[in-house]
file entry.tsv (TSV, C-alpha atoms)
chain	number	residue	atom	x	y	z
A	1	MET	CA	56.77	-8.50	-76.70
A	2	ILE	CA	55.45	-9.05	-73.21
A	3	ARG	CA	53.28	-6.33	-71.73
A	4	SER	CA	54.24	-4.92	-68.34
A	5	ASP	CA	52.59	-2.55	-65.88
A	6	VAL	CA	55.61	-1.31	-63.98
A	7	LYS	CA	59.23	-1.03	-65.07
A	8	LEU	CA	62.25	-1.39	-62.78
A	9	ASP	CA	65.63	-0.26	-64.03
A	10	THR	CA	68.53	-2.15	-62.45
A	11	LEU	CA	71.06	-1.42	-65.18
A	12	GLY	CA	74.60	-1.31	-63.83
A	13	TYR	CA	73.75	-3.17	-60.65
A	14	PHE	CA	75.30	-6.50	-59.78
A	15	CYS	CA	73.99	-9.46	-57.82
A	16	PRO	CA	72.26	-9.32	-55.35
A	17	MET	CA	70.92	-5.81	-56.03
A	18	PRO	CA	68.51	-6.63	-58.91
A	19	ILE	CA	66.82	-9.29	-56.77
A	20	ILE	CA	66.68	-7.06	-53.72
A	21	MET	CA	65.25	-4.19	-55.76
A	22	THR	CA	62.71	-6.57	-57.27
A	23	SER	CA	61.62	-7.87	-53.87
A	24	LYS	CA	61.05	-4.29	-52.71
A	25	LYS	CA	59.36	-3.11	-55.89
A	26	ILE	CA	56.93	-6.02	-56.16
A	27	LYS	CA	55.30	-4.86	-52.93
A	28	GLU	CA	54.08	-1.72	-54.70
A	29	LEU	CA	52.22	-3.70	-57.35
A	30	THR	CA	48.71	-5.07	-57.11
A	31	LEU	CA	47.91	-8.74	-57.64
A	32	GLY	CA	48.17	-9.75	-61.27
A	33	GLN	CA	50.28	-6.79	-62.37
A	34	VAL	CA	53.47	-7.51	-64.27
A	35	LEU	CA	56.82	-6.05	-63.26
A	36	GLU	CA	59.50	-5.64	-65.90
A	37	VAL	CA	63.00	-5.83	-64.46
A	38	VAL	CA	65.65	-4.49	-66.79
A	39	SER	CA	69.19	-5.66	-66.05
A	40	ASP	CA	72.56	-6.06	-67.71
A	41	ASP	CA	73.68	-8.74	-65.29
A	42	GLU	CA	73.56	-12.06	-67.12
A	43	GLY	CA	72.98	-13.85	-63.81
A	44	ILE	CA	69.41	-12.59	-63.83
A	45	LYS	CA	68.51	-15.20	-66.45
A	46	LYS	CA	68.80	-17.89	-63.78
A	47	ASP	CA	68.28	-15.78	-60.66
A	48	MET	CA	64.90	-14.33	-61.48
A	49	PRO	CA	63.21	-17.70	-62.15
A	50	ALA	CA	64.77	-19.00	-58.92
A	51	TRP	CA	63.52	-15.98	-57.02
A	52	CYS	CA	60.04	-16.45	-58.46
A	53	GLU	CA	59.99	-20.14	-57.61
A	54	THR	CA	60.93	-19.43	-54.01
A	55	THR	CA	58.70	-16.43	-53.42
A	56	GLY	CA	55.64	-17.72	-55.26
A	57	HIS	CA	55.47	-15.10	-57.99
A	58	GLU	CA	55.12	-16.04	-61.62
A	59	MET	CA	57.94	-15.69	-64.10
A	60	VAL	CA	56.12	-14.63	-67.25
A	61	GLY	CA	59.11	-14.48	-69.52
A	62	LEU	CA	62.52	-13.13	-70.36
A	63	GLU	CA	63.59	-10.99	-73.28
A	64	GLU	CA	67.04	-10.11	-74.48
A	65	GLU	CA	67.96	-7.10	-76.50
A	66	THR	CA	71.04	-5.23	-77.55
A	67	LYS	CA	71.52	-1.72	-76.28
A	68	ASP	CA	74.69	0.25	-77.04
A	69	ALA	CA	76.32	-2.99	-78.26
A	70	GLU	CA	75.65	-4.63	-74.90
A	71	LEU	CA	73.12	-7.31	-74.06
A	72	ILE	CA	70.39	-6.33	-71.66
A	73	TYR	CA	67.79	-8.59	-70.14
A	74	LYS	CA	64.16	-7.94	-69.37
A	75	ALA	CA	62.57	-10.25	-66.86
A	76	PHE	CA	58.81	-10.18	-66.51
A	77	VAL	CA	57.38	-11.09	-63.14
A	78	LYS	CA	53.68	-11.33	-62.40
A	79	LYS	CA	52.73	-10.53	-58.83
A	80	SER	CA	50.93	-13.68	-57.72
A	81	LYS	CA	50.56	-13.29	-53.98
B	1	MET	CA	29.08	-25.13	-45.69
B	2	GLY	CA	31.24	-24.55	-48.70
B	3	SER	CA	34.90	-25.25	-48.34
B	4	THR	CA	37.32	-22.73	-49.75
B	5	LYS	CA	39.60	-24.39	-52.21
B	6	LEU	CA	43.05	-22.91	-52.48
B	7	GLU	CA	44.89	-22.51	-55.71
B	8	PRO	CA	48.15	-24.50	-55.57
B	9	ALA	CA	50.26	-21.36	-55.96
B	10	VAL	CA	48.41	-19.60	-53.15
B	11	ALA	CA	48.66	-22.63	-50.89
B	12	LEU	CA	52.39	-22.76	-51.46
B	13	ALA	CA	52.74	-19.08	-50.77
B	14	GLU	CA	50.79	-19.42	-47.55
B	15	LEU	CA	52.92	-22.33	-46.49
B	16	GLN	CA	56.04	-20.29	-47.12
B	17	GLU	CA	54.57	-17.43	-45.17
B	18	SER	CA	53.96	-19.61	-42.15
B	19	LYS	CA	57.06	-21.75	-42.40
B	20	PRO	CA	59.74	-19.88	-44.29
B	21	ASP	CA	63.08	-21.39	-45.16
B	22	ARG	CA	65.69	-20.54	-42.59
B	23	VAL	CA	69.25	-19.59	-43.28
B	24	THR	CA	72.00	-19.23	-40.70
B	25	ILE	CA	75.42	-17.83	-41.45
B	26	VAL	CA	78.31	-17.91	-39.01
B	27	VAL	CA	80.64	-15.05	-39.84
B	28	LEU	CA	83.97	-15.92	-38.25
B	29	SER	CA	86.10	-14.15	-40.79
B	30	GLY	CA	86.73	-10.44	-40.81
B	31	ASP	CA	88.09	-10.49	-44.35
B	32	PHE	CA	86.51	-8.08	-46.78
B	33	ASP	CA	85.87	-10.66	-49.48
B	34	ARG	CA	84.47	-13.35	-47.20
B	35	VAL	CA	82.23	-10.91	-45.37
B	36	MET	CA	81.00	-9.57	-48.67
B	37	ALA	CA	80.05	-13.08	-49.78
B	38	ALA	CA	78.24	-13.60	-46.47
B	39	PHE	CA	76.20	-10.42	-46.93
B	40	ILE	CA	75.41	-11.16	-50.56
B	41	ILE	CA	74.01	-14.55	-49.55
B	42	ALA	CA	72.18	-13.06	-46.56
B	43	THR	CA	70.53	-10.24	-48.49
B	44	GLY	CA	69.75	-12.50	-51.43
B	45	ALA	CA	68.10	-15.05	-49.13
B	46	ALA	CA	66.12	-12.36	-47.32
B	47	ALA	CA	64.91	-11.01	-50.66
B	48	MET	CA	63.74	-14.52	-51.51
B	49	GLY	CA	61.56	-14.50	-48.42
B	50	MET	CA	63.84	-16.61	-46.25
B	51	GLN	CA	64.45	-15.94	-42.58
B	52	VAL	CA	68.12	-15.14	-42.14
B	53	THR	CA	70.26	-15.03	-39.00
B	54	MET	CA	73.89	-14.02	-39.00
B	55	PHE	CA	76.15	-14.95	-36.08
B	56	PHE	CA	79.23	-12.81	-35.73
B	57	THR	CA	82.14	-14.32	-33.88
B	58	PHE	CA	85.94	-13.80	-33.61
B	59	TRP	CA	87.15	-11.53	-36.45
B	60	GLY	CA	83.63	-11.37	-37.80
B	61	LEU	CA	82.77	-9.14	-34.83
B	62	ASN	CA	84.71	-6.36	-36.55
B	63	VAL	CA	81.91	-6.18	-39.12
B	64	ILE	CA	79.38	-5.06	-36.53
B	65	ARG	CA	81.71	-2.79	-34.54
B	66	ARG	CA	81.35	0.92	-34.88
B	67	GLU	CA	84.03	2.57	-36.95
B	68	GLY	CA	86.77	4.01	-34.77
B	69	ALA	CA	85.26	2.78	-31.50
B	70	THR	CA	87.86	1.74	-28.97
B	71	SER	CA	87.45	-1.06	-26.47
B	72	GLY	CA	85.72	-0.42	-23.18
B	73	ALA	CA	87.14	-3.61	-21.62
B	74	LYS	CA	88.20	-3.31	-18.01
B	75	ASP	CA	91.54	-5.10	-18.08
B	76	LEU	CA	94.53	-3.77	-19.95
B	77	LEU	CA	95.26	-6.84	-22.09
B	78	ARG	CA	91.84	-7.03	-23.61
B	79	ARG	CA	91.63	-3.29	-24.02
B	80	MET	CA	94.90	-3.40	-25.93
B	81	PHE	CA	93.63	-6.22	-28.09
B	82	GLY	CA	90.48	-4.28	-28.83
B	83	LEU	CA	92.63	-1.30	-29.73
B	84	LEU	CA	94.98	-3.19	-32.06
B	85	ASN	CA	92.17	-5.10	-33.72
B	86	LYS	CA	90.36	-2.12	-35.15
B	87	GLY	CA	86.76	-2.73	-36.12
B	88	GLY	CA	84.31	-1.17	-38.53
B	89	ALA	CA	82.88	-2.24	-41.86
B	90	GLY	CA	85.18	0.14	-43.71
B	91	ARG	CA	88.39	-1.30	-42.28
B	92	LEU	CA	88.15	-4.93	-43.32
B	93	PRO	CA	91.17	-6.18	-45.30
B	94	LEU	CA	91.03	-8.44	-48.35
B	95	SER	CA	92.00	-12.03	-47.51
B	96	ARG	CA	94.54	-11.87	-50.32
B	97	PHE	CA	96.26	-8.96	-52.06
B	98	HIS	CA	95.64	-6.58	-49.18
B	99	PHE	CA	99.19	-5.18	-49.63
B	100	GLY	CA	99.06	-3.05	-46.51
B	101	GLY	CA	95.77	-1.54	-47.60
B	102	LEU	CA	96.72	-0.68	-51.17
B	103	GLY	CA	95.13	-3.76	-52.71
B	104	THR	CA	91.96	-3.38	-50.70
B	105	SER	CA	91.52	0.28	-51.57
B	106	MET	CA	92.07	-0.51	-55.24
B	107	MET	CA	89.39	-3.17	-55.05
B	108	LYS	CA	87.02	-0.71	-53.40
B	109	ARG	CA	87.68	1.81	-56.19
B	110	VAL	CA	86.84	-0.79	-58.81
B	111	MET	CA	83.66	-1.70	-56.94
B	112	ASN	CA	82.69	1.93	-56.55
B	113	ARG	CA	83.14	2.58	-60.23
B	114	SER	CA	80.84	-0.29	-61.14
B	115	ARG	CA	78.25	0.78	-58.54
B	116	MET	CA	78.70	-2.33	-56.42
B	117	PRO	CA	77.58	-1.87	-52.82
B	118	GLY	CA	80.32	-2.00	-50.18
B	119	ILE	CA	80.22	-3.83	-46.85
B	120	ALA	CA	78.51	-0.98	-44.99
B	121	GLU	CA	75.78	-0.65	-47.62
B	122	LEU	CA	75.23	-4.41	-47.76
B	123	ARG	CA	75.03	-4.51	-43.98
B	124	GLU	CA	72.42	-1.78	-44.02
B	125	THR	CA	70.45	-3.54	-46.75
B	126	ALA	CA	70.56	-6.74	-44.71
B	127	GLN	CA	69.13	-4.91	-41.70
B	128	ASP	CA	66.45	-3.29	-43.87
B	129	LEU	CA	65.43	-6.72	-45.12
B	130	GLY	CA	65.10	-8.03	-41.59
B	131	VAL	CA	68.25	-10.13	-41.34
B	132	LYS	CA	68.87	-10.87	-37.68
B	133	PHE	CA	72.31	-10.05	-36.26
B	134	ILE	CA	73.65	-11.97	-33.29
B	135	ALA	CA	76.97	-11.24	-31.62
B	136	CYS	CA	78.81	-14.06	-29.83
B	137	THR	CA	79.44	-13.09	-26.22
B	138	THR	CA	82.34	-15.47	-25.57
B	139	THR	CA	84.50	-14.11	-28.33
B	140	MET	CA	83.41	-10.56	-27.54
B	141	GLY	CA	84.92	-11.12	-24.11
B	142	MET	CA	88.06	-12.71	-25.51
B	143	MET	CA	88.71	-9.99	-28.00
B	144	GLY	CA	87.88	-7.03	-25.83
B	145	VAL	CA	84.82	-6.08	-27.87
B	146	THR	CA	82.34	-4.42	-25.56
B	147	LYS	CA	78.62	-3.99	-26.12
B	148	ASP	CA	78.81	-0.22	-26.32
B	149	THR	CA	81.16	-0.42	-29.31
B	150	LEU	CA	78.77	-2.42	-31.49
B	151	ILE	CA	76.58	-0.84	-34.16
B	152	GLU	CA	72.89	-0.14	-33.62
B	153	GLY	CA	70.51	-2.97	-34.41
B	154	VAL	CA	72.43	-6.00	-33.17
B	155	ASP	CA	69.44	-8.10	-32.18
B	156	GLN	CA	70.99	-10.37	-29.59
B	157	LEU	CA	74.11	-11.15	-27.69
B	158	ALA	CA	74.19	-14.91	-27.39
B	159	GLY	CA	76.13	-18.14	-27.44
B	160	VAL	CA	76.32	-21.53	-29.07
B	161	SER	CA	72.94	-22.80	-27.91
B	162	THR	CA	71.17	-19.94	-29.57
B	163	TYR	CA	73.09	-20.67	-32.74
B	164	LEU	CA	72.31	-24.39	-32.63
B	165	ALA	CA	68.66	-23.81	-31.84
B	166	GLU	CA	68.44	-21.73	-35.00
B	167	ALA	CA	70.71	-23.91	-37.12
B	168	ARG	CA	68.77	-27.12	-36.44
B	169	GLN	CA	65.78	-25.50	-38.07
B	170	GLY	CA	67.88	-24.12	-40.88
B	171	ASN	CA	67.78	-25.41	-44.42
B	172	VAL	CA	70.95	-23.54	-45.28
B	173	ASN	CA	73.69	-23.22	-42.64
B	174	LEU	CA	76.92	-21.61	-43.67
B	175	PHE	CA	80.23	-21.04	-41.91
B	176	ILE	CA	82.27	-18.25	-43.39
call {"tool": "encode", "arguments": {"input": "entry.tsv", "output": "structure tokens"}}
result
Amino acid sequence: MIRSDVKLDTLGYFCPMPIIMTSKKIKELTLGQVLEVVSDDEGIKKDMPAWCETTGHEMVGLEEETKDAELIYKAFVKKSK
Amino acid sequence: MGSTKLEPAVALAELQESKPDRVTIVVLSGDFDRVMAAFIIATGAAAMGMQVTMFFTFWGLNVIRREGATSGAKDLLRRMFGLLNKGGAGRLPLSRFHFGGLGTSMMKRVMNRSRMPGIAELRETAQDLGVKFIACTTTMGMMGVTKDTLIEGVDQLAGVSTYLAEARQGNVNLFI
């Protein structure tokens, strides 16, 4: 289990919304805080690391879990700049 | 005098801040699906910290025309063209399966149900994220699209040199 400071629910949203919501939300965090982005879009598994690599934030990890028989993804992003 | 040593991650971030990746997208098409792809790329790139410019030309101009605005062109031919070629983000047809509007409205219903943003919402998001909109003056003239019928927030009216000046610095240049 990865610890997070702020949670962002993007369930039901498709690309590019989770990334756009993340880029807006991360501004509210302070340096070093971890944002947990919850999504049911499988694309986030690749998109979030790519977003982190480009923007300079740190991808701490990704967790998968089953909710109502559907896979959901939790991406953990550490604000690094 | 102590020198300040930068962490690699910070140095990279600073570099990106000062010299961000540039993306240019020429939107020639006025098809719902193509325009949607253009906006998804544009908003995605902007969210990744890239500097994005969209050039609207030919049918793509319909994307940045106000809904229901008629042409203010002076001569009859162009005014008629502007009238027949109705603009507005909500009027774009699918490139396939439009079926006189039936196919497109079905697609919109499906998108709505799954909370996918439409063209107008994506366009607004793009503007919020600082994507620059440029309208091509030559084709505006050709197609009877006058300045007063464009949406708010079109940053420039310009031509090919402006596009090329931006594109030569671009890392990603797309023509849609």
call {"tool": "residues_around", "arguments": {"input": "entry.tsv", "residues": "range 65-81 of chain A", "least_positions_apart": "5", "cutoff": "6 Å", "atoms": "only C-alpha atoms", "output": "number ranges by chain"}}
result
A: 31-40, 57-60
call {"tool": "closest_atom_pairs", "arguments": {"input": "entry.tsv", "of": "chain A", "to": "chain B", "cutoff": "12 Å", "atoms": "only C-alpha atoms", "output": "tab-separated table"}}
result
residue	atom	partner	partner_atom	distance
A:Thr10	CA	B:Arg115	CA	10.9
A:Leu11	CA	B:Arg115	CA	10.0
A:Gly12	CA	B:Arg115	CA	6.8
A:Tyr13	CA	B:Arg115	CA	6.3
A:Phe14	CA	B:Met116	CA	6.3
A:Cys15	CA	B:Ile40	CA	7.6
A:Pro16	CA	B:Gly44	CA	5.6
A:Met17	CA	B:Gly44	CA	8.2
A:Pro18	CA	B:Gly44	CA	9.6
A:Ile19	CA	B:Ala47	CA	6.6
A:Ile20	CA	B:Ala47	CA	5.3
A:Met21	CA	B:Ala47	CA	8.5
A:Thr22	CA	B:Ala47	CA	8.3
A:Ser23	CA	B:Ala47	CA	5.6
A:Lys24	CA	B:Ala47	CA	8.0
A:Lys25	CA	B:Ala47	CA	11.0
A:Ile26	CA	B:Ala47	CA	10.9
A:Lys27	CA	B:Ala47	CA	11.6
A:Leu31	CA	B:Val10	CA	11.8
A:Asp41	CA	B:Ser114	CA	11.8
A:Asp47	CA	B:Gly44	CA	9.9
A:Met48	CA	B:Met48	CA	10.0
A:Pro49	CA	B:Met48	CA	11.1
A:Ala50	CA	B:Met48	CA	8.7
A:Trp51	CA	B:Met48	CA	5.7
A:Cys52	CA	B:Met48	CA	8.1
A:Glu53	CA	B:Met48	CA	9.1
A:Thr54	CA	B:Met48	CA	6.2
A:Thr55	CA	B:Met48	CA	5.7
A:Gly56	CA	B:Ala13	CA	5.5
A:His57	CA	B:Ala9	CA	8.4
A:Glu58	CA	B:Ala9	CA	9.2
A:Lys79	CA	B:Ala9	CA	11.5
A:Ser80	CA	B:Val10	CA	7.9
A:Lys81	CA	B:Val10	CA	6.7
call {"tool": "residues_around", "arguments": {"input": "entry.tsv", "residues": "range 56-67 of chain B", "least_positions_apart": "6", "cutoff": "8 Å", "atoms": "only C-alpha atoms", "output": "MDAnalysis selection string"}}
result
chainID B and resid 26:31 35 86:92 133:136 139:140 143 145 149:151 154
call {"tool": "closest_residue", "arguments": {"input": "entry.tsv", "among": "A:Val6, A:Met1, A:Leu62, A:Ile44", "to": "Glu28 in chain A", "atoms": "only C-alpha atoms"}}
result
A:Val6
call {"tool": "atom_distance", "arguments": {"input": "entry.tsv", "atom1": "CA of Arg96 in chain B", "atom2": "CA of Gly144 in chain B"}}
result
25.8 Å
call {"tool": "atom_distance", "arguments": {"input": "entry.tsv", "atom1": "CA of Phe97 in chain B", "atom2": "CA of Ile25 in chain B"}}
result
25.0 Å
call {"tool": "atom_distance", "arguments": {"input": "entry.tsv", "atom1": "CA of Phe32 in chain B", "atom2": "CA of Ser95 in chain B"}}
result
6.8 Å
call {"tool": "axis_aligned_box", "arguments": {"input": "entry.tsv", "around": "range 18-36 of chain A", "padding_each_side": "3 Å", "output": "lines of an AutoDock Vina configuration file"}}
result
center_x = 58.2
center_y = -5.7
center_z = -59.3
size_x = 26.6
size_y = 14.0
size_z = 19.2
call {"tool": "build_atoms", "arguments": {"input": "entry.tsv", "residues": "range 119-130 of chain B", "atoms": "N, CA and C atoms", "output": "PDB file, in the frame of the given file"}}
result
ATOM      1  N   ILE B 119      80.653  -3.059 -48.028  1.00  0.00           N
ATOM      2  CA  ILE B 119      80.220  -3.830 -46.850  1.00  0.00           C
ATOM      3  C   ILE B 119      79.179  -3.052 -46.041  1.00  0.00           C
ATOM      4  N   ALA B 120      79.424  -1.770 -45.822  1.00  0.00           N
ATOM      5  CA  ALA B 120      78.510  -0.980 -44.990  1.00  0.00           C
ATOM      6  C   ALA B 120      77.118  -0.916 -45.617  1.00  0.00           C
ATOM      7  N   GLU B 121      77.083  -0.740 -46.943  1.00  0.00           N
ATOM      8  CA  GLU B 121      75.780  -0.650 -47.620  1.00  0.00           C
ATOM      9  C   GLU B 121      75.063  -2.005 -47.572  1.00  0.00           C
ATOM     10  N   LEU B 122      75.834  -3.077 -47.798  1.00  0.00           N
ATOM     11  CA  LEU B 122      75.230  -4.410 -47.760  1.00  0.00           C
ATOM     12  C   LEU B 122      74.698  -4.720 -46.368  1.00  0.00           C
ATOM     13  N   ARG B 123      75.450  -4.282 -45.365  1.00  0.00           N
ATOM     14  CA  ARG B 123      75.030  -4.510 -43.980  1.00  0.00           C
ATOM     15  C   ARG B 123      73.719  -3.783 -43.692  1.00  0.00           C
ATOM     16  N   GLU B 124      73.638  -2.558 -44.206  1.00  0.00           N
ATOM     17  CA  GLU B 124      72.420  -1.780 -44.020  1.00  0.00           C
ATOM     18  C   GLU B 124      71.237  -2.419 -44.749  1.00  0.00           C
ATOM     19  N   THR B 125      71.499  -2.863 -45.980  1.00  0.00           N
ATOM     20  CA  THR B 125      70.450  -3.540 -46.750  1.00  0.00           C
ATOM     21  C   THR B 125      69.967  -4.781 -46.007  1.00  0.00           C
ATOM     22  N   ALA B 126      70.917  -5.532 -45.456  1.00  0.00           N
ATOM     23  CA  ALA B 126      70.560  -6.740 -44.710  1.00  0.00           C
ATOM     24  C   ALA B 126      69.637  -6.382 -43.548  1.00  0.00           C
ATOM     25  N   GLN B 127      69.966  -5.324 -42.830  1.00  0.00           N
ATOM     26  CA  GLN B 127      69.130  -4.910 -41.700  1.00  0.00           C
ATOM     27  C   GLN B 127      67.755  -4.451 -42.166  1.00  0.00           C
ATOM     28  N   ASP B 128      67.726  -3.725 -43.286  1.00  0.00           N
ATOM     29  CA  ASP B 128      66.450  -3.290 -43.870  1.00  0.00           C
ATOM     30  C   ASP B 128      65.560  -4.476 -44.205  1.00  0.00           C
ATOM     31  N   LEU B 129      66.190  -5.550 -44.680  1.00  0.00           N
ATOM     32  CA  LEU B 129      65.430  -6.720 -45.120  1.00  0.00           C
ATOM     33  C   LEU B 129      65.091  -7.655 -43.962  1.00  0.00           C
ATOM     34  N   GLY B 130      65.469  -7.248 -42.772  1.00  0.00           N
ATOM     35  CA  GLY B 130      65.100  -8.030 -41.590  1.00  0.00           C
ATOM     36  C   GLY B 130      66.036  -9.161 -41.226  1.00  0.00           C
TER      37      GLY B 130
END
